[in-house]
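The file structure_36.txt contains compact mmCIF, C-alpha atoms:
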```
# COMPACT_ATOMS: atom_id res chain seq x y z
CA MET A 1 3.13 17.00 25.26
CA ASN A 2 4.95 15.14 28.02
CA ILE A 3 7.13 12.09 27.42
CA GLN A 4 4.48 9.66 28.63
CA ASP A 5 1.95 11.05 26.11
CA ILE A 6 4.49 10.85 23.30
CA LEU A 7 5.34 7.24 24.14
CA THR A 8 1.67 6.25 24.43
CA ILE A 9 0.75 7.84 21.09
CA GLY A 10 3.85 6.29 19.54
CA MET A 11 2.77 2.88 20.77
CA TRP A 12 -0.82 3.19 19.43
CA SER A 13 0.53 4.44 16.11
CA ALA A 14 2.93 1.51 15.87
CA PHE A 15 0.14 -0.96 16.60
CA PHE A 16 -2.02 0.72 13.97
CA ALA A 17 0.81 0.55 11.41
CA THR A 18 1.33 -3.13 12.22
CA CYS A 19 -2.38 -3.90 11.82
CA MET A 20 -2.43 -2.21 8.41
CA CYS A 21 0.63 -4.23 7.48
CA ILE A 22 -1.03 -7.53 8.45
CA LEU A 23 -4.24 -6.51 6.69
CA ASN A 24 -2.21 -6.32 3.44
CA SER A 25 -0.87 -9.89 3.92
CA THR A 26 2.67 -8.63 4.37
CA PRO A 27 5.29 -11.35 4.97
CA PHE A 28 6.01 -12.00 8.66
CA LYS A 29 9.61 -10.80 8.35
CA TYR A 30 8.41 -7.23 7.68
CA ILE A 31 5.94 -6.96 10.56
CA ILE A 32 8.45 -6.16 13.31
CA PRO A 33 10.33 -3.61 11.15
CA THR A 34 6.98 -1.90 10.45
CA PHE A 35 6.19 -1.75 14.17
CA ILE A 36 9.63 -0.34 15.05
CA CYS A 37 9.59 2.16 12.16
CA GLY A 38 6.05 3.29 13.00
CA PHE A 39 6.97 3.79 16.64
CA THR A 40 10.24 5.58 15.90
CA GLY A 41 8.62 7.79 13.26
CA VAL A 42 5.94 9.16 15.58
CA LEU A 43 8.44 9.47 18.42
CA THR A 44 10.83 11.47 16.21
CA ARG A 45 8.09 13.76 14.96
CA ASP A 46 6.65 14.45 18.43
CA PHE A 47 10.04 14.98 20.09
CA LEU A 48 11.09 17.39 17.34
CA GLN A 49 7.80 19.25 17.61
CA ASN A 50 8.30 19.45 21.37
CA ALA A 51 11.75 20.87 20.71
CA GLY A 52 10.13 23.69 18.72
CA LEU A 53 10.31 22.42 15.13
CA SER A 54 7.26 22.95 12.92
CA VAL A 55 5.08 19.94 12.06
CA ASN A 56 6.35 20.02 8.45
CA TRP A 57 10.05 19.81 9.31
CA ALA A 58 9.37 17.26 12.04
CA THR A 59 7.42 15.04 9.61
CA LEU A 60 10.15 15.35 6.98
CA VAL A 61 12.82 14.19 9.44
CA ALA A 62 10.53 11.41 10.71
CA ALA A 63 9.94 10.11 7.15
CA PHE A 64 13.70 10.18 6.52
CA ILE A 65 14.39 8.24 9.76
CA ILE A 66 11.70 5.67 8.86
CA VAL A 67 13.34 4.86 5.51
CA LEU A 68 16.82 4.74 6.99
CA LEU A 69 15.78 2.52 9.87
CA ALA A 70 13.79 0.17 7.60
CA GLY A 71 16.76 -0.13 5.23
CA LEU A 72 19.18 -0.86 8.03
CA MET A 73 16.87 -3.46 9.58
CA ILE A 74 16.11 -5.19 6.27
CA ARG A 75 19.77 -4.72 5.24
CA SER A 76 18.86 -3.70 1.75
CA GLN A 77 18.12 -0.60 -0.28
CA LYS A 78 15.08 -2.49 -1.64
CA VAL A 79 12.87 -1.58 1.28
CA PRO A 80 9.34 -2.89 0.61
CA PRO A 81 7.09 0.14 0.03
CA ILE A 82 4.43 -1.41 2.25
CA VAL A 83 6.75 -1.13 5.30
CA LEU A 84 7.43 2.54 4.60
CA ILE A 85 3.85 3.48 3.93
CA CYS A 86 2.35 1.59 6.87
CA ALA A 87 4.99 3.11 9.15
CA VAL A 88 4.34 6.64 7.92
CA LEU A 89 0.55 6.26 7.72
CA PRO A 90 -0.03 7.55 11.29
CA GLN A 91 1.71 10.80 10.30
CA TRP A 92 -0.27 11.37 7.13
CA ALA A 93 -2.86 14.16 7.28
CA SER A 94 -5.81 11.77 7.08
CA VAL A 95 -8.00 13.88 9.36
CA SER A 96 -7.31 16.99 7.27
CA MET A 97 -8.03 14.98 4.12
CA PHE A 98 -11.50 13.90 5.22
CA SER A 99 -12.21 17.23 6.99
CA MET A 100 -11.46 18.85 3.65
CA LEU A 101 -14.24 16.78 2.09
CA ASN A 102 -16.61 17.87 4.84
CA ASP A 103 -15.60 21.52 4.29
CA LEU A 104 -16.30 21.08 0.58
CA ARG A 105 -19.81 20.00 1.46
CA LYS A 106 -20.20 22.91 3.90
CA VAL A 107 -19.14 25.66 1.46
CA THR A 108 -21.90 24.57 -0.88
CA THR A 109 -24.62 24.83 1.77
CA LEU A 110 -23.61 27.61 4.23
CA SER A 111 -23.75 31.39 3.96
CA GLY A 112 -22.45 34.49 5.76
CA ASP A 113 -19.89 34.05 8.57
CA ASP A 114 -20.30 30.28 8.59
CA LEU A 115 -19.36 30.20 4.91
CA SER A 116 -16.24 32.31 5.56
CA LYS A 117 -15.18 29.97 8.35
CA ALA A 118 -15.82 26.88 6.22
CA ALA A 119 -13.86 28.41 3.32
CA THR A 120 -10.91 29.19 5.61
CA ASP A 121 -11.01 25.65 7.02
CA LEU A 122 -11.14 24.25 3.50
CA ALA A 123 -8.04 26.21 2.47
CA ALA A 124 -6.17 25.25 5.66
CA ASN A 125 -7.01 21.55 5.38
CA THR A 126 -6.14 21.44 1.68
CA ALA A 127 -2.76 23.07 2.35
CA MET A 128 -2.14 20.64 5.20
CA VAL A 129 -2.83 17.59 3.03
CA ILE A 130 -0.62 18.85 0.19
CA ILE A 131 2.31 19.97 2.36
CA ILE A 132 2.36 16.89 4.61
CA SER A 133 2.21 14.54 1.59
CA PHE A 134 4.98 16.56 -0.04
CA VAL A 135 7.32 16.55 2.99
CA ILE A 136 6.78 12.79 3.45
CA ALA A 137 7.76 12.25 -0.21
CA ILE A 138 10.89 14.40 0.25
CA GLY A 139 11.81 12.54 3.45
CA PHE A 140 11.42 9.20 1.66
CA ALA A 141 13.45 10.36 -1.35
CA LEU A 142 16.29 11.57 0.90
CA GLY A 143 16.23 8.33 2.89
CA LEU A 144 16.28 6.17 -0.24
CA ALA A 145 19.18 8.21 -1.65
CA VAL A 146 21.20 7.57 1.52
CA LEU A 147 20.32 3.84 1.41
CA LYS A 148 21.49 3.65 -2.20
CA LEU A 149 24.79 5.08 -1.06
CA ILE A 150 25.06 2.61 1.83
CA TYR A 151 24.17 -0.41 -0.31
CA ARG A 152 26.12 0.53 -3.45
CA GLU A 153 26.77 -3.08 -4.41
CA GLU A 154 23.03 -3.80 -4.64
CA SER A 155 22.59 -0.80 -6.92
CA LYS A 156 25.16 -2.34 -9.27
CA GLU A 157 23.21 -5.63 -9.33
CA GLU A 158 20.02 -3.72 -10.15
CA LYS A 159 21.83 -1.98 -12.97
CA ALA A 160 23.08 -5.31 -14.31
CA LEU A 161 19.49 -6.58 -14.35
CA GLY A 162 18.47 -3.52 -16.33
CA LEU A 163 16.23 -2.13 -13.58
CA GLU A 164 18.12 1.08 -12.78
CA MET B 1 22.90 -19.88 -23.81
CA SER B 2 21.39 -21.75 -20.88
CA PRO B 3 21.24 -25.57 -21.14
CA ASP B 4 17.45 -25.14 -20.89
CA ILE B 5 17.32 -23.11 -24.08
CA GLN B 6 18.14 -25.08 -27.16
CA THR B 7 15.52 -24.18 -29.72
CA GLY B 8 13.19 -21.33 -30.61
CA THR B 9 10.34 -23.23 -28.98
CA ASP B 10 12.31 -23.44 -25.75
CA LEU B 11 12.98 -19.72 -25.95
CA ASN B 12 9.28 -18.98 -26.38
CA LYS B 13 8.42 -21.31 -23.51
CA SER B 14 10.95 -19.61 -21.24
CA ILE B 15 9.62 -16.17 -22.06
CA GLU B 16 6.09 -17.37 -21.45
CA THR B 17 7.18 -18.75 -18.08
CA ALA B 18 8.83 -15.45 -17.16
CA ILE B 19 5.66 -13.55 -18.16
CA ASN B 20 3.55 -15.95 -16.09
CA ALA B 21 5.69 -15.20 -13.04
CA ALA B 22 5.56 -11.43 -13.65
CA GLN B 23 1.79 -11.62 -14.17
CA GLN B 24 1.46 -13.49 -10.88
CA VAL B 25 3.33 -10.68 -9.07
CA LEU B 26 0.99 -8.01 -10.49
CA HIS B 27 -2.06 -10.19 -9.91
CA LEU B 28 -1.14 -10.60 -6.22
CA GLY B 29 -0.66 -6.88 -5.61
CA GLY B 30 3.09 -6.48 -6.14
CA SER B 31 4.61 -3.34 -7.61
CA THR B 32 5.70 -3.21 -11.24
CA THR B 33 9.35 -3.01 -10.18
CA MET B 34 8.87 -6.36 -8.42
CA ALA B 35 7.19 -7.85 -11.50
CA ASP B 36 9.93 -6.55 -13.77
CA ARG B 37 12.64 -7.89 -11.44
CA THR B 38 10.90 -11.29 -11.39
CA PHE B 39 10.72 -11.33 -15.18
CA ARG B 40 14.38 -10.37 -15.59
CA ASN B 41 15.55 -12.85 -12.93
CA ILE B 42 14.05 -15.66 -15.00
CA ILE B 43 14.88 -14.29 -18.41
CA GLY B 44 18.46 -13.61 -17.27
CA LYS B 45 19.19 -17.28 -17.99
CA VAL B 46 18.21 -16.79 -21.64
CA GLN B 47 20.53 -14.94 -24.01
CA ILE B 48 18.01 -12.63 -25.60
CA THR B 49 18.26 -9.09 -26.90
CA ASP B 50 15.87 -6.44 -28.22
CA ILE B 51 13.24 -7.11 -25.60
CA ASP B 52 10.52 -4.54 -24.97
CA ILE B 53 7.90 -4.79 -22.25
CA MET B 54 4.74 -2.73 -21.92
CA TRP B 55 3.36 -2.92 -18.40
CA ARG B 56 -0.33 -2.28 -17.91
CA LEU B 57 -2.74 -3.16 -15.14
CA ASP B 58 -4.92 -5.14 -17.57
CA ASN B 59 -2.24 -6.70 -19.82
CA ILE B 60 1.48 -7.24 -20.09
CA VAL B 61 2.81 -7.03 -23.64
CA ILE B 62 6.28 -8.30 -24.48
CA SER B 63 7.97 -8.17 -27.84
CA TYR B 64 11.39 -9.69 -28.62
CA ASN B 65 13.61 -10.70 -31.45
CA ASP B 66 13.88 -14.42 -32.20
CA ASN B 67 16.40 -15.05 -35.00
CA GLY B 68 15.41 -11.92 -36.89
CA VAL B 69 11.68 -12.41 -36.35
CA THR B 70 9.85 -10.08 -33.95
CA LYS B 71 7.48 -11.97 -31.69
CA THR B 72 4.91 -10.56 -29.31
CA PHE B 73 3.32 -12.04 -26.20
CA LEU B 74 0.23 -10.61 -24.57
CA LYS B 75 -0.74 -11.78 -21.10
CA SER B 76 -3.87 -10.71 -19.26
CA VAL B 77 -3.24 -9.70 -15.61
CA GLY B 78 -6.75 -10.40 -14.34
CA PRO B 79 -8.24 -9.03 -11.13
CA VAL B 80 -5.64 -7.58 -8.75
CA GLY B 81 -5.72 -9.03 -5.24
CA THR B 82 -3.54 -8.57 -2.19
CA SER B 83 -1.07 -11.12 -0.89
CA LEU B 84 2.36 -9.67 -0.42
CA THR B 85 3.60 -12.91 1.11
CA ALA B 86 2.76 -14.75 -2.10
CA VAL B 87 4.48 -11.96 -4.08
CA SER B 88 7.55 -12.46 -1.94
CA ASN B 89 7.46 -16.22 -2.66
CA VAL B 90 7.21 -15.67 -6.42
CA ILE B 91 10.19 -13.29 -6.32
CA GLU B 92 12.13 -15.85 -4.28
CA LEU B 93 11.30 -18.50 -6.91
CA SER B 94 12.62 -16.23 -9.66
CA GLU B 95 15.81 -15.56 -7.67
CA ASN B 96 16.33 -19.30 -7.36
CA VAL B 97 16.14 -19.55 -11.16
CA ARG B 98 18.61 -16.66 -11.49
CA ASP B 99 21.03 -18.35 -9.07
CA GLY B 100 20.71 -21.66 -10.93
CA LYS B 101 19.08 -23.48 -8.00
CA ILE B 102 16.08 -24.55 -10.07
CA PRO B 103 15.64 -24.88 -13.86
CA ILE B 104 13.19 -22.66 -15.76
CA SER B 105 11.18 -25.74 -16.69
CA GLU B 106 10.10 -26.11 -13.05
CA VAL B 107 8.89 -22.53 -12.62
CA ASP B 108 5.35 -23.08 -13.93
CA ALA B 109 4.80 -25.95 -11.51
CA GLY B 110 6.20 -23.78 -8.71
CA LEU B 111 3.87 -20.92 -9.64
CA LYS B 112 0.91 -23.29 -9.68
CA SER B 113 1.67 -24.59 -6.19
CA LEU B 114 2.15 -21.02 -4.92
CA SER B 115 -1.18 -19.91 -6.37
CA GLN B 116 -2.91 -22.86 -4.67
CA ALA B 117 -1.30 -22.16 -1.28
CA PRO B 118 -3.75 -21.14 1.47
CA PRO B 119 -3.83 -17.46 2.53
CA ILE B 120 -1.22 -16.44 5.09
CA HIS B 121 -3.87 -15.62 7.72
CA SER B 122 -7.31 -17.04 8.41
CA HIS B 123 -10.42 -14.91 7.83
CA PHE B 124 -10.74 -14.55 11.59
CA VAL B 125 -7.31 -12.86 11.78
CA PHE B 126 -8.19 -10.44 8.96
CA ILE B 127 -11.45 -9.53 10.66
CA LEU B 128 -9.80 -9.04 14.04
CA VAL B 129 -6.95 -7.00 12.57
CA ALA B 130 -9.39 -4.72 10.70
CA GLY B 131 -11.15 -4.04 14.02
CA LEU B 132 -7.87 -3.46 15.83
CA ALA B 133 -6.59 -1.10 13.12
CA ALA B 134 -9.75 0.98 13.57
CA ALA B 135 -9.39 0.90 17.36
CA PHE B 136 -5.71 1.90 17.34
CA TYR B 137 -6.39 4.67 14.83
CA SER B 138 -9.05 6.04 17.17
CA LEU B 139 -6.71 5.66 20.18
CA PHE B 140 -3.85 7.63 18.69
CA HIS B 141 -6.30 10.38 17.81
CA HIS B 142 -7.16 10.51 21.52
CA GLY B 143 -10.46 8.67 21.09
CA LYS B 144 -12.41 7.78 24.20
CA ILE B 145 -13.11 4.18 25.08
CA GLU B 146 -16.72 4.32 23.75
CA SER B 147 -15.49 5.57 20.36
CA VAL B 148 -12.82 2.89 20.27
CA LEU B 149 -15.37 0.16 20.92
CA VAL B 150 -17.82 1.57 18.37
CA VAL B 151 -15.23 1.76 15.57
CA PHE B 152 -13.92 -1.71 16.46
CA LEU B 153 -17.41 -3.16 16.12
CA ALA B 154 -18.14 -1.27 12.89
CA ALA B 155 -14.87 -2.35 11.28
CA VAL B 156 -15.28 -5.98 12.36
CA ILE B 157 -18.77 -6.18 10.87
CA GLY B 158 -17.67 -4.35 7.72
CA GLN B 159 -14.65 -6.61 7.19
CA THR B 160 -16.74 -9.75 7.74
CA ILE B 161 -19.12 -8.64 5.00
CA ARG B 162 -16.18 -7.60 2.81
CA ILE B 163 -14.71 -11.11 2.96
CA GLN B 164 -18.07 -12.61 2.02
CA LEU B 165 -18.43 -10.21 -0.93
CA GLN B 166 -14.87 -10.91 -2.09
CA LYS B 167 -15.65 -14.65 -2.05
CA LYS B 168 -18.56 -13.92 -4.40
CA ASP B 169 -16.22 -12.02 -6.76
CA PHE B 170 -17.85 -8.64 -6.23
CA ARG B 171 -15.99 -5.74 -7.84
CA ASP B 172 -13.70 -3.69 -5.55
CA SER B 173 -15.74 -0.53 -5.98
CA HIS B 174 -19.01 -2.27 -5.06
CA THR B 175 -17.42 -3.98 -2.07
CA THR B 176 -15.91 -0.69 -0.84
CA PHE B 177 -19.23 1.11 -1.18
CA ILE B 178 -21.32 -1.56 0.55
CA CYS B 179 -18.86 -2.17 3.41
CA GLY B 180 -18.18 1.55 3.81
CA LEU B 181 -21.88 2.26 4.05
CA ILE B 182 -22.35 -0.50 6.63
CA SER B 183 -19.38 0.54 8.82
CA ALA B 184 -20.12 4.25 8.61
CA GLY B 185 -23.83 3.53 9.16
CA ILE B 186 -23.19 1.53 12.33
CA THR B 187 -20.85 4.23 13.67
CA SER B 188 -23.30 7.02 12.80
CA VAL B 189 -26.13 5.29 14.63
CA PHE B 190 -24.04 4.98 17.80
CA LEU B 191 -22.79 8.57 17.52
CA HIS B 192 -26.35 9.77 16.89
CA LEU B 193 -27.39 8.06 20.12
CA GLY B 194 -24.62 9.89 21.97
CA ILE B 195 -22.32 6.89 22.33
CA GLY B 196 -18.79 7.96 21.38
CA GLU B 197 -17.42 11.25 20.11
CA ALA B 198 -19.04 12.66 16.99
CA ASP B 199 -15.84 13.81 15.31
CA VAL B 200 -13.96 13.25 12.06
CA PRO B 201 -11.28 10.81 13.38
CA THR B 202 -13.99 8.47 14.69
CA LEU B 203 -15.64 8.30 11.27
CA ILE B 204 -12.31 7.78 9.49
CA ALA B 205 -11.32 5.08 11.98
CA CYS B 206 -14.35 2.92 11.18
CA LEU B 207 -13.45 3.01 7.46
CA ILE B 208 -9.66 2.84 7.69
CA TYR B 209 -9.57 -0.86 6.75
CA LEU B 210 -11.09 0.05 3.35
CA VAL B 211 -8.50 2.66 2.39
CA PRO B 212 -6.87 1.41 -0.85
CA GLY B 213 -3.40 1.86 0.60
CA LEU B 214 -1.54 -0.79 -1.37
CA LEU B 215 -2.98 0.35 -4.69
CA MET B 216 -2.00 3.94 -3.90
CA ILE B 217 1.51 2.96 -2.79
CA ASN B 218 2.17 0.83 -5.85
CA GLY B 219 0.75 3.57 -8.07
CA PHE B 220 3.03 6.14 -6.50
CA VAL B 221 6.08 3.85 -6.63
CA ASP B 222 5.41 3.06 -10.31
CA PHE B 223 4.74 6.67 -11.14
CA THR B 224 8.04 7.87 -9.69
CA LYS B 225 9.91 5.37 -11.90
CA GLN B 226 9.83 6.88 -15.37
CA ARG B 227 9.45 3.54 -17.14
CA TYR B 228 6.21 2.57 -15.35
CA ILE B 229 4.30 5.86 -15.59
CA PHE B 230 1.31 4.40 -17.43
CA ILE B 231 0.61 1.53 -15.07
CA GLY B 232 1.31 3.89 -12.15
CA LEU B 233 -1.38 6.25 -13.42
CA GLN B 234 -3.80 3.34 -13.87
CA ARG B 235 -3.27 2.27 -10.27
CA MET B 236 -3.53 5.81 -8.91
CA LEU B 237 -6.76 6.47 -10.80
CA ASN B 238 -8.14 3.19 -9.51
CA ALA B 239 -7.20 4.16 -5.92
CA PHE B 240 -8.65 7.65 -6.43
CA PHE B 241 -11.94 6.14 -7.55
CA LEU B 242 -12.12 4.03 -4.38
CA PHE B 243 -11.26 7.15 -2.33
CA VAL B 244 -14.13 9.02 -3.95
CA ILE B 245 -16.46 6.18 -2.94
CA LEU B 246 -15.20 6.37 0.66
CA ALA B 247 -15.55 10.15 0.61
CA PHE B 248 -19.14 9.80 -0.56
CA VAL B 249 -19.86 7.35 2.26
CA ILE B 250 -18.28 9.69 4.82
CA LEU B 251 -20.29 12.64 3.51
CA ILE B 252 -23.49 10.67 4.05
CA ALA B 253 -22.37 9.93 7.61
CA TYR B 254 -21.41 13.60 8.20
CA THR B 255 -24.88 14.69 7.16
CA PHE B 256 -26.49 12.10 9.40
CA ILE B 257 -24.56 13.01 12.58
CA LYS B 258 -24.32 16.74 11.70
CA ILE B 259 -20.59 17.34 12.42
```

If you convert what's in this file into structure tokens, what do you get?
Amino acid sequence: MNIQDILTIGMWSAFFATCMCILNSTPFKYIIPTFICGFTGVLTRDFLQNAGLSVNWATLVAAFIIVLLAGLMIRSQKVPPIVLICAVLPQWASVSMFSMLNDLRKVTTLSGDDLSKAATDLAANTAMVIIISFVIAIGFALGLAVLKLIYREESKEEKALGLE
Amino acid sequence: MSPDIQTGTDLNKSIETAINAAQQVLHLGGSTTMADRTFRNIIGKVQITDIDIMWRLDNIVISYNDNGVTKTFLKSVGPVGTSLTAVSNVIELSENVRDGKIPISEVDAGLKSLSQAPPIHSHFVFILVAGLAAAFYSLFHHGKIESVLVVFLAAVIGQTIRIQLQKKDFRDSHTTFICGLISAGITSVFLHLGIGEADVPTLIACLIYLVPGLLMINGFVDFTKQRYIFIGLQRMLNAFFLFVILAFVILIAYTFIKI
């Protein structure tokens, strides 16, 4: 992928993330952070993939960057989950998820070589959904751990409230 | 003890107020952490110990010790909607109580005015944004202009009907099924006629506005916090059910356009 393609896809993804954010009646103050995080997330993933990293590692780093960036912009470790999820939504394996459902339908109706192909697709799509969801969760957890370290004082307040 | 809290009746009233605020957060689509923080911000003004809270998506149950007597409050959550701006306002209100800017006695009136506030965006904005979300989803999956237009139209029509159904208090599952069927149906007809690309991303794009994202997020967030596992599971199961409905709708569309 060339740089222009990466930037274009990044831009569409960021607009999509922002639309999902507005659709959930998110406060105005979180709309721009969602756009920036969505854009940066896809950019990070695509640049890392271009540099030779696998999609899993690239997505993990992108999820980590999204959390860190959101925390730094909002200046709090209490990053609203909606910002994180809308920003990472373009990277989630949604196509694999719904293709998996289609493959499920196919394996019940096909036979012979077509069945073998559908079964292989089903396994591949299932693995994709599980692994991508897993690496996003790890990226988020790492990012939140770093934010907790950066905003230690807030963590103390949370503890005082009995929420930690 | 806060100047607001003089008698047992005052204590009960304050706890009821704090529950009302927490209930409002859950009712408006906030996470349980947010609801708990709201509750504790308000209750922080009251010197009370031995307090236990059971968070559920249908009810909040709170038990506490009042001069050696254990008392229990049960508050129904009601249907869960989505307005994160209103959630943010309720949390802000509770923080004002915590910081001593407003007395607890004014919280109920504040909650009432917040619940009567108009939605942050007009219906037109929600409809337009649903269409744009579908269009942008199609664009970043390299959709051609015909596909983008088709999914925009399907999502706009689906969201318009969704708003009408929500006004009539239709259940979420019914609304998702009807709107999903309409959006996927419109897209399938166009794809069947050769307008747009008959592929998976196009079909997902036309339904993306129906994905129960917030429910899933809150469920996951609650689930990862050990103390909210039960309500987290309730939310995740609820989201899963809506996903199954969407999957069913997509399978019908797949069969129709023979992907």

Exercise for the section: Would you list the contacts of B:Met34 as an NGL selection string, taking every protein, DNA or RNA residue within 10 Å and counting all atoms listed in the file, but skipping same-chain residues closer than 5 positions in sequence? Expected result: (:A and (78 or 80 or 163)) or (:B and (22 or 25-26 or 29 or 39-40 or 87-88 or 90-91))

As a PDB file with C-alpha atoms, keeping the file's coordinate frame, please: the residues near B:Gly219 (cut-off 6 Å, only C-alpha atoms, same-chain neighbours under 4 positions excluded).
```pdb
ATOM      1  CA  LEU B 215      -2.980   0.350  -4.690  1.00  0.00           C
ATOM      2  CA  PHE B 223       4.740   6.670 -11.140  1.00  0.00           C
ATOM      3  CA  GLY B 232       1.310   3.890 -12.150  1.00  0.00           C
ATOM      4  CA  ARG B 235      -3.270   2.270 -10.270  1.00  0.00           C
ATOM      5  CA  MET B 236      -3.530   5.810  -8.910  1.00  0.00           C
TER       6      MET B 236
END
```

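For the set B:Gly194, B:Gly143, B:Gly78, B:Gly68, the residue with the smallest atom-to-atom gap to chain A is B:Gly143, counting all atoms listed in the file.
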
Practice task
Identify the residues within 9 Å of coordinate (13.8, 10.7, 8.9) (same frame as the file), considering all atoms listed in the file, and give the answer as a PyMOL selection string.
Solution key: chain A and resi 41+44-45+58-69+139-140+142-143

Handout entry: Exercise: stretch 86-93 of chain A partners within 7 Å, all atoms listed in the file, chain neighbours under 4 positions left out, as JSON, numbers by chain
Key = {"A": [13, 17, 20, 21, 34, 37, 38, 41, 42, 63, 82, 97, 128, 129, 132, 133]}

Would you mind exporting C-alpha atoms of the selected residues as a compact mmCIF listing (two decimals), keeping the file's coordinate frame?
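What landed in part_14.txt:
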```
# COMPACT_ATOMS: atom_id res chain seq x y z
CA SER A 13 0.53 4.44 16.11
CA ALA A 17 0.81 0.55 11.41
CA MET A 20 -2.43 -2.21 8.41
CA CYS A 21 0.63 -4.23 7.48
CA THR A 34 6.98 -1.90 10.45
CA CYS A 37 9.59 2.16 12.16
CA GLY A 38 6.05 3.29 13.00
CA GLY A 41 8.62 7.79 13.26
CA VAL A 42 5.94 9.16 15.58
CA ALA A 63 9.94 10.11 7.15
CA ILE A 82 4.43 -1.41 2.25
CA MET A 97 -8.03 14.98 4.12
CA MET A 128 -2.14 20.64 5.20
CA VAL A 129 -2.83 17.59 3.03
CA ILE A 132 2.36 16.89 4.61
CA SER A 133 2.21 14.54 1.59
```

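The closest residue to B:Leu111, picked from B:Val189, B:Ile19, B:Leu233, B:Val129 and counting all atoms listed in the file, is B:Ile19.
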
Per-axis box centre and lengths in Å around stretch 31-43 of chain A, 5 Å margin per side, axis-aligned, as AutoDock Vina command-line options:
```
--center_x 8.1 --center_y 1.3 --center_z 14.4 --size_x 14.4 --size_y 26.4 --size_z 18.0
```

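Nearest to chain B of all the residues A:Ser99, A:Ser116, A:Ser54, A:Gln49 is A:Ser99, counting all atoms listed in the file.
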
Problem - Spatial neighbours of B:Pro103, max dist 12 Å, all atoms listed in the file, sep filter under 2 positions, as an MDAnalysis selection string - result: chainID B and resid 2:5 14 17 42:43 45:46 93:101 105:110

Excluding B:Leu181 and residues on its chain fewer than 4 positions from it, collect all residues at most 10 Å away from it, counting all atoms listed in the file, and give them as a PDB file with C-alpha atoms, in the coordinates of the input.
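out.pdb, written as the output of this step:
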```
ATOM      1  CA  GLY B 158     -17.670  -4.350   7.720  1.00  0.00           C
ATOM      2  CA  THR B 175     -17.420  -3.980  -2.070  1.00  0.00           C
ATOM      3  CA  THR B 176     -15.910  -0.690  -0.840  1.00  0.00           C
ATOM      4  CA  PHE B 177     -19.230   1.110  -1.180  1.00  0.00           C
ATOM      5  CA  GLY B 185     -23.830   3.530   9.160  1.00  0.00           C
ATOM      6  CA  ILE B 186     -23.190   1.530  12.330  1.00  0.00           C
ATOM      7  CA  THR B 187     -20.850   4.230  13.670  1.00  0.00           C
ATOM      8  CA  LEU B 207     -13.450   3.010   7.460  1.00  0.00           C
ATOM      9  CA  ILE B 245     -16.460   6.180  -2.940  1.00  0.00           C
ATOM     10  CA  LEU B 246     -15.200   6.370   0.660  1.00  0.00           C
ATOM     11  CA  PHE B 248     -19.140   9.800  -0.560  1.00  0.00           C
ATOM     12  CA  VAL B 249     -19.860   7.350   2.260  1.00  0.00           C
ATOM     13  CA  ILE B 250     -18.280   9.690   4.820  1.00  0.00           C
ATOM     14  CA  ILE B 252     -23.490  10.670   4.050  1.00  0.00           C
ATOM     15  CA  ALA B 253     -22.370   9.930   7.610  1.00  0.00           C
TER      16      ALA B 253
END
```

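Across A:Leu122, A:Met1, A:Met11, A:Leu23, the tightest approach to B:Ser83 is made by A:Leu23 when counting all atoms listed in the file.
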